[in-house]
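Trainee: Attaching a single structure in structure tokens format; questions to follow.
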Amino acid sequence: MKRDSEAELRSLDELEKELKSHESVVEETISITRSRMDSGAFVESNESSGGNMMSSSSSSHASSGEWTSPIDVTFITSSTATQSNLRKNESTGDLFWAEINKDSNGRQTIQYRSAATGLTTELTPEPFIARTRVHEYGGAVFSLGSDFVVSSNDADCRLYKIDVATKTAVPLTPENKDWRYADVEIHPSEKFLICVREDHTVDTPQTVVNTLVVVRLDTKEPNVEVLVEGADFYSAPRFNPVNTHEFAYYSWSHPFMTWDHTQLYYGHLEISEESSVKLVSQVLLGGADKSNEESINQPRFAADGTLYFINDKTGFWNLYSYKAGSGKDAELVLQEPYKAEFQGPAWTFGARSYYPLKSDATKLAASYIKDGLSHLAIIDTKAKTMKNVPLNFQVICSVYASTNGQDDVLLLGVGSYNVPLQTISYNLRTSQYDVIMKSSAAEVPNGFVSNPEPLTFKTTGNLDAYALYYPPTNADYVAPEGTLPPLRVLSHGGPTGAFESNLNWNINYFTSRGFGVVAVNYGGSTNYGREYRSRLRTKWGIVDVDDCCNAATYLVQRGDVDPEKLAIVGGSAGGYSTLACLAFKDVFKAGVSHYGIGDLETLAKDTHKFELLYPESLIGPYPAAKALYHERSPLYSADKITCACAFFQGAKDKVVPPNQAEMMVSALKERGLPVAYVLFEEEAHGFRMPKNVKAALQGEVTFLGRIFGFKPFDAVPIDIINEDAIGK
């Protein structure tokens, strides 16, 4: 079904006009709630009560889903920013990072904070877009030099050298929109850099070419030369600061993903006076045996020339070290393998879950996840010991080691269920920290943020599976006696990924309205080791479906939620699990797919290079297993779906193209089921623009309200095809 051929498909412009007509009414309701919050009328947060709803002695009775909440779409989109890739100039103390904020309208910028003045300014004014689309997911968009940064510009796909003092941007690479760049590593001499280039000259998943390239910084002419080629993918080129002719990187090839099997190389360069750079030799440090899979990521040199990296060959992602010339093979930094994950899946470039200390290169600051919970530790690689650092945060998403005078400090990305993601400077000597920047300027409203309960529940085969349950939480309301809340079951994307207990405004948008929400870390999720992660091998559409259904059933049996108001929601791969649950099980009464997959065969034939053969490990080889792709595809079992479904989709999505949603919409429409479709013309994979984030949130809660029989206080118009079939 073509996007422009169906009059019933709702355009974003139409939706936006109607949204505006409702803003005054909604804002009036919100302002009353906020004024009560400002006056201290709200009770304290729900920590002491384990996240249950507030006492009815101080709360009004209203049906779940109709509660008024200060966590509205304006609150979410106007108060949050996405910050990443933090870098520090150790000579000046200046900080640099990538940011998308409420004023950038989805455009990623590079921000610079002067240590001398404390002022923050943007280095990349419009039309510069600090973004890379290598692998489609990007990451590590810029790198820091002594007085400049090098960044990819999504507007023309070129690399630019940006002078910090003047903000002057000079192109380093030739004018060619078919070439994309990422993961820049500037040589200590600052005469050249090495980075990943992705060549889309012949733009099909089978013909896109990835290489490591050299770009000279000391010439006025744009330039690029291939350094390493042959593998399907490359990542993390890193120079040895002791011998700057040495560097490390890792690569991998189809059918593997980065969490399946990669190869780590240690290379030696020949660098001429004219900065001509050639690879003289290289040694394979890990990943030689592709039949014995090991995922190696995050190579990083310490100041003494020791190479550290992460490998999961023992079953968990653990830290290893290698010293060239020592005569020793790479070895664990601890005495024994540790059953914890020292990193997550490498979907993007630039992950930083550990860092060598500046004062002592034999010690590492490292974050790890054990049993689903984040921890921070200092590892002494000489003594092979690890000591946890007391840190009252539930999520640690990045680690960078620096100094403050004589003290070691860690710049950490941290958060908790009631603390927005923020960057702190943690002093290892004093155990004190300062907040450097926050992802949200809003104060977390007391009594409106749900405290997740970690769940371990039984699933198919009497195996354990994991989830986080967020109960309805609103200081002003309780549901009428004898009623139970609706439940949103969340299936995460990836599918190789996991939910963590960081503050999630989208989840609290619903829990503060009276929903229960359970975020399911089904078999195949990360954070629980390779064995758990491998449960999804050839079982996508089975294991994830069973675990999502069993999580909902567990909460119904426990008496937490209404069995007649169960909805499942997911995005991307999570959208596939959502649709598969509706097609293959009879547990849910509604579904919401955000850029989800309906036809696995179309995914296998119409995707991008990075995930070209990802379905092979999840389902089977295509086209040999074509029948299995059909069997697992919700589209071909749409006749089994018996409930309403809504679809939210980006028109420019190349990861999950719009035709995936449109085929499902067409199938459900023909079956006479209630179905809604909202297409965002400006969006790709995931929604960045505030107006679209608003439309998706309000559209979803309104849709669920229509299906479950309640009216949210901030309901908006939404077109539902076959609306007269609701409740039948």
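Residues are named by chain letter and number: chains run A, B, ... in the order of the structure tokens, numbers start at 1 in each chain, and ligands are numbered from 1 in the order shown.
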Enumerate, in order of chain and increasing residue number, the residues of region 480-591 of chain A with an atom no farther than 10 Å from region 347-365 of chain A, each with its shortest atom pair and distance in Å to one decimal, counting only C-alpha atoms, as a tab-separated table.
Mentor:
```
residue	atom	partner	partner_atom	distance
A:Gly494	CA	A:Trp347	CA	8.6
A:Thr496	CA	A:Trp347	CA	9.0
A:Gly497	CA	A:Trp347	CA	9.0
```
Trainee: Restricting the output to N, CA and C atoms, write the selected residues as a PDB file, in the first residue's frame.
Mentor:
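Wrote selection-v4.pdb, looks like this:
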```
ATOM      1  N   GLY A 494      15.822  -3.978  19.083  1.00  0.00           N
ATOM      2  CA  GLY A 494      17.056  -4.751  18.908  1.00  0.00           C
ATOM      3  C   GLY A 494      16.874  -5.824  17.839  1.00  0.00           C
ATOM      4  N   THR A 496      18.416  -7.510  20.139  1.00  0.00           N
ATOM      5  CA  THR A 496      19.537  -7.642  21.072  1.00  0.00           C
ATOM      6  C   THR A 496      19.681  -6.334  21.834  1.00  0.00           C
ATOM      7  N   GLY A 497      19.188  -6.299  23.044  1.00  0.00           N
ATOM      8  CA  GLY A 497      19.190  -5.090  23.866  1.00  0.00           C
ATOM      9  C   GLY A 497      18.557  -5.408  25.201  1.00  0.00           C
TER      10      GLY A 497
END
```
Trainee: If you take only C-alpha atoms and a cut-off of 10 Å, which residues of region 444-545 of chain A touch region 241-262 of chain A, and what are their nearest atom pairs and distances in Å to one decimal, in chain and number order, as CSV?
Mentor:
```
residue,atom,partner,partner_atom,distance
A:Thr496,CA,A:Trp259,CA,8.5
A:Thr526,CA,A:Trp259,CA,9.4
A:Arg530,CA,A:Trp259,CA,8.8
A:Arg533,CA,A:Trp259,CA,9.3
A:Ser534,CA,A:Asp260,CA,9.2
```
Trainee: Residues within 8 Å of Phe499 (chain A), please, as a list in words. Count only C-alpha atoms; anything in the same chain fewer than 3 positions from it doesn't count.
Mentor: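 Near neighbours after the sequence-gap exclusion: Leu468, His492, Ala519, Val520 and Asn521 of chain A.
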Trainee: Which residue out of A:Lys589, A:Arg300, A:Lys654, A:His594 has the minimum interatomic distance to Ala696 (chain A) when only C-alpha atoms are used?
Mentor: A:His594
Trainee: Between A:Tyr400, A:Phe687, A:Phe610, A:Tyr470, which is the closest to Glu198 (chain A) once you count only C-alpha atoms?
Mentor: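 Of all the options, A:Phe610 lies closest to Glu198 (chain A).
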Trainee: If you run DSSP on this backbone, which residues of region 387-417 of chain A come out as strand (DSSP E or B), and could you give them as a ChimeraX atom specification?
Mentor: /A:387-388,395-404,407-416
Trainee: Applying 8 Å and only C-alpha atoms, which residues near region 542-556 of chain A remain after dropping the ones on its own chain fewer than 3 positions away? List them as a PyMOL selection string.
Mentor: chain A and resi 457-460+465+467+487+489-491+518+520+522-524+535-536+539+559-563+566+577-578+580-581+585+587
Trainee: Can you work out the spacing between CA of Val399 (chain A) and CA of Gly287 (chain A) in Å, to one decimal?
Mentor: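 Computing it gives 25.8 Å between the two atoms.
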Trainee: Residues near Asp606 (chain A), anyone? I mean within 10 Å using only C-alpha atoms, not counting same-chain ones fewer than 4 positions away, as an NGL selection string.
Mentor: :A and (204-205 or 600-602 or 612 or 654-657 or 659-660)
Trainee: Please list as a list in words every residue within 9 Å of region 366-371 of chain A, counting only C-alpha atoms and excluding residues in the same chain fewer than 6 positions away.
Mentor: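 The contact residues come out as Lys339, Ala340, Glu341, Phe342, Gln343, Gly344, Ser353, Tyr354, Tyr355, Pro356, Ala377, Ile378, Ile379, Val395, Ile396, Cys397, Ser398, Val399, Asn527 and Tyr528 of chain A.
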Trainee: May I ask which of the residues A:Gly327, A:Tyr477, A:Leu279, A:Tyr266 is the closest one to Val226 (chain A), counting only C-alpha atoms?
Mentor: A:Leu279
Trainee: CA of His268 (chain A) and CA of Ser281 (chain A), how far apart in Å?
Mentor: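 Here the two named atoms are 5.4 Å from each other.
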Trainee: If you measure from CA of His187 (chain A) to CA of Phe239 (chain A), what distance in Å do you get, rounded to one decimal?
Mentor: 6.8 Å
Trainee: Just asking: which residues within region 561-722 of chain A are alpha helix (DSSP H) according to DSSP, as a ChimeraX atom specification?
Mentor: /A:573-584,600-605,614-618,626-632,658-670,690-708
Trainee: Write out as JSON lines a residue-level contact list of region 212-246 of chain A versus region 128-140 of chain A with cut-off 12 Å: for each qualifying residue the closest pair of atoms and the distance in Å to one decimal, counting only C-alpha atoms, rows sorted by chain and residue number upward.
Mentor:
```
{"residue": "A:Asp232", "atom": "CA", "partner": "A:His135", "partner_atom": "CA", "distance": 11.1}
{"residue": "A:Phe233", "atom": "CA", "partner": "A:His135", "partner_atom": "CA", "distance": 9.0}
{"residue": "A:Tyr234", "atom": "CA", "partner": "A:His135", "partner_atom": "CA", "distance": 10.4}
{"residue": "A:Ser235", "atom": "CA", "partner": "A:Ala140", "partner_atom": "CA", "distance": 10.5}
{"residue": "A:Ala236", "atom": "CA", "partner": "A:Ala140", "partner_atom": "CA", "distance": 9.6}
{"residue": "A:Pro237", "atom": "CA", "partner": "A:Ala140", "partner_atom": "CA", "distance": 11.8}
```
Trainee: Just the selected residues (N, CA, C and O atoms), exported as a JSON list (two decimals), in the first residue's frame, please.
Mentor:
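Output below, filename out_30.json:
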```
[["chain", "number", "residue", "atom", "x", "y", "z"],
["A", 232, "ASP", "N", 33.70, -6.89, 6.24],
["A", 232, "ASP", "CA", 32.43, -6.19, 5.98],
["A", 232, "ASP", "C", 32.28, -4.95, 6.85],
["A", 232, "ASP", "O", 31.64, -3.98, 6.44],
["A", 233, "PHE", "N", 32.87, -4.97, 8.06],
["A", 233, "PHE", "CA", 32.70, -3.85, 8.99],
["A", 233, "PHE", "C", 33.97, -3.62, 9.80],
["A", 233, "PHE", "O", 34.74, -4.56, 10.06],
["A", 234, "TYR", "N", 34.15, -2.36, 10.22],
["A", 234, "TYR", "CA", 35.29, -1.97, 11.06],
["A", 234, "TYR", "C", 34.81, -1.04, 12.17],
["A", 234, "TYR", "O", 33.81, -0.33, 12.02],
["A", 235, "SER", "N", 35.57, -1.05, 13.26],
["A", 235, "SER", "CA", 35.20, -0.16, 14.37],
["A", 235, "SER", "C", 36.41, 0.08, 15.27],
["A", 235, "SER", "O", 37.34, -0.73, 15.33],
["A", 236, "ALA", "N", 36.36, 1.20, 15.97],
["A", 236, "ALA", "CA", 37.25, 1.54, 17.08],
["A", 236, "ALA", "C", 38.74, 1.53, 16.74],
["A", 236, "ALA", "O", 39.54, 0.90, 17.45],
["A", 237, "PRO", "N", 39.19, 2.24, 15.69],
["A", 237, "PRO", "CA", 40.64, 2.39, 15.52],
["A", 237, "PRO", "C", 41.20, 3.24, 16.65],
["A", 237, "PRO", "O", 40.69, 4.32, 16.93]]
```
Trainee: Env of Thr201 (chain A): 8 Å cut, atoms = only C-alpha atoms, seq-sep filter 4 positions within chain, self excluded. Answer as a PyMOL selection string.
Mentor: chain A and resi 178-179+208
Trainee: Limited to all heavy atoms, could you put the picked residues into a file as a PDB file, in the first residue's frame?
Mentor:
```
ATOM      1  N   ASP A 178      27.951  10.027  -1.131  1.00  0.00           N
ATOM      2  CA  ASP A 178      27.916   8.567  -1.050  1.00  0.00           C
ATOM      3  C   ASP A 178      28.894   8.033  -0.004  1.00  0.00           C
ATOM      4  O   ASP A 178      28.840   6.849   0.328  1.00  0.00           O
ATOM      5  CB  ASP A 178      28.252   7.942  -2.402  1.00  0.00           C
ATOM      6  CG  ASP A 178      27.168   8.174  -3.432  1.00  0.00           C
ATOM      7  OD1 ASP A 178      25.982   8.243  -3.037  1.00  0.00           O
ATOM      8  OD2 ASP A 178      27.503   8.305  -4.627  1.00  0.00           O
ATOM      9  N   TRP A 179      29.779   8.887   0.491  1.00  0.00           N
ATOM     10  CA  TRP A 179      30.754   8.480   1.493  1.00  0.00           C
ATOM     11  C   TRP A 179      30.336   9.000   2.865  1.00  0.00           C
ATOM     12  O   TRP A 179      30.120  10.195   3.045  1.00  0.00           O
ATOM     13  CB  TRP A 179      32.142   9.022   1.145  1.00  0.00           C
ATOM     14  CG  TRP A 179      32.754   8.395  -0.077  1.00  0.00           C
ATOM     15  CD1 TRP A 179      32.262   7.341  -0.801  1.00  0.00           C
ATOM     16  CD2 TRP A 179      33.979   8.777  -0.706  1.00  0.00           C
ATOM     17  NE1 TRP A 179      33.097   7.045  -1.842  1.00  0.00           N
ATOM     18  CE2 TRP A 179      34.169   7.904  -1.816  1.00  0.00           C
ATOM     19  CE3 TRP A 179      34.930   9.755  -0.451  1.00  0.00           C
ATOM     20  CZ2 TRP A 179      35.275   7.995  -2.654  1.00  0.00           C
ATOM     21  CZ3 TRP A 179      36.032   9.849  -1.299  1.00  0.00           C
ATOM     22  CH2 TRP A 179      36.212   8.979  -2.378  1.00  0.00           C
ATOM     23  N   VAL A 208      27.404  -2.001  -0.504  1.00  0.00           N
ATOM     24  CA  VAL A 208      28.021  -0.948   0.314  1.00  0.00           C
ATOM     25  C   VAL A 208      29.355  -1.473   0.842  1.00  0.00           C
ATOM     26  O   VAL A 208      29.459  -2.627   1.271  1.00  0.00           O
ATOM     27  CB  VAL A 208      27.088  -0.552   1.476  1.00  0.00           C
ATOM     28  CG1 VAL A 208      27.820   0.321   2.490  1.00  0.00           C
ATOM     29  CG2 VAL A 208      25.856   0.173   0.938  1.00  0.00           C
TER      30      VAL A 208
END
```
Trainee: Which residue is closest to Leu217 (chain A)? Choose from A:Asn240, A:Asn388, A:Asn404, A:Ser276 and count only C-alpha atoms.
Mentor: A:Ser276
Trainee: Considering only C-alpha atoms, can you say which of A:Ile76, A:Val517, A:Gly686, A:Ala590 comes closest to Gly727 (chain A)?
Mentor: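 With only C-alpha atoms as the atom set, the closest residue is A:Ala590.
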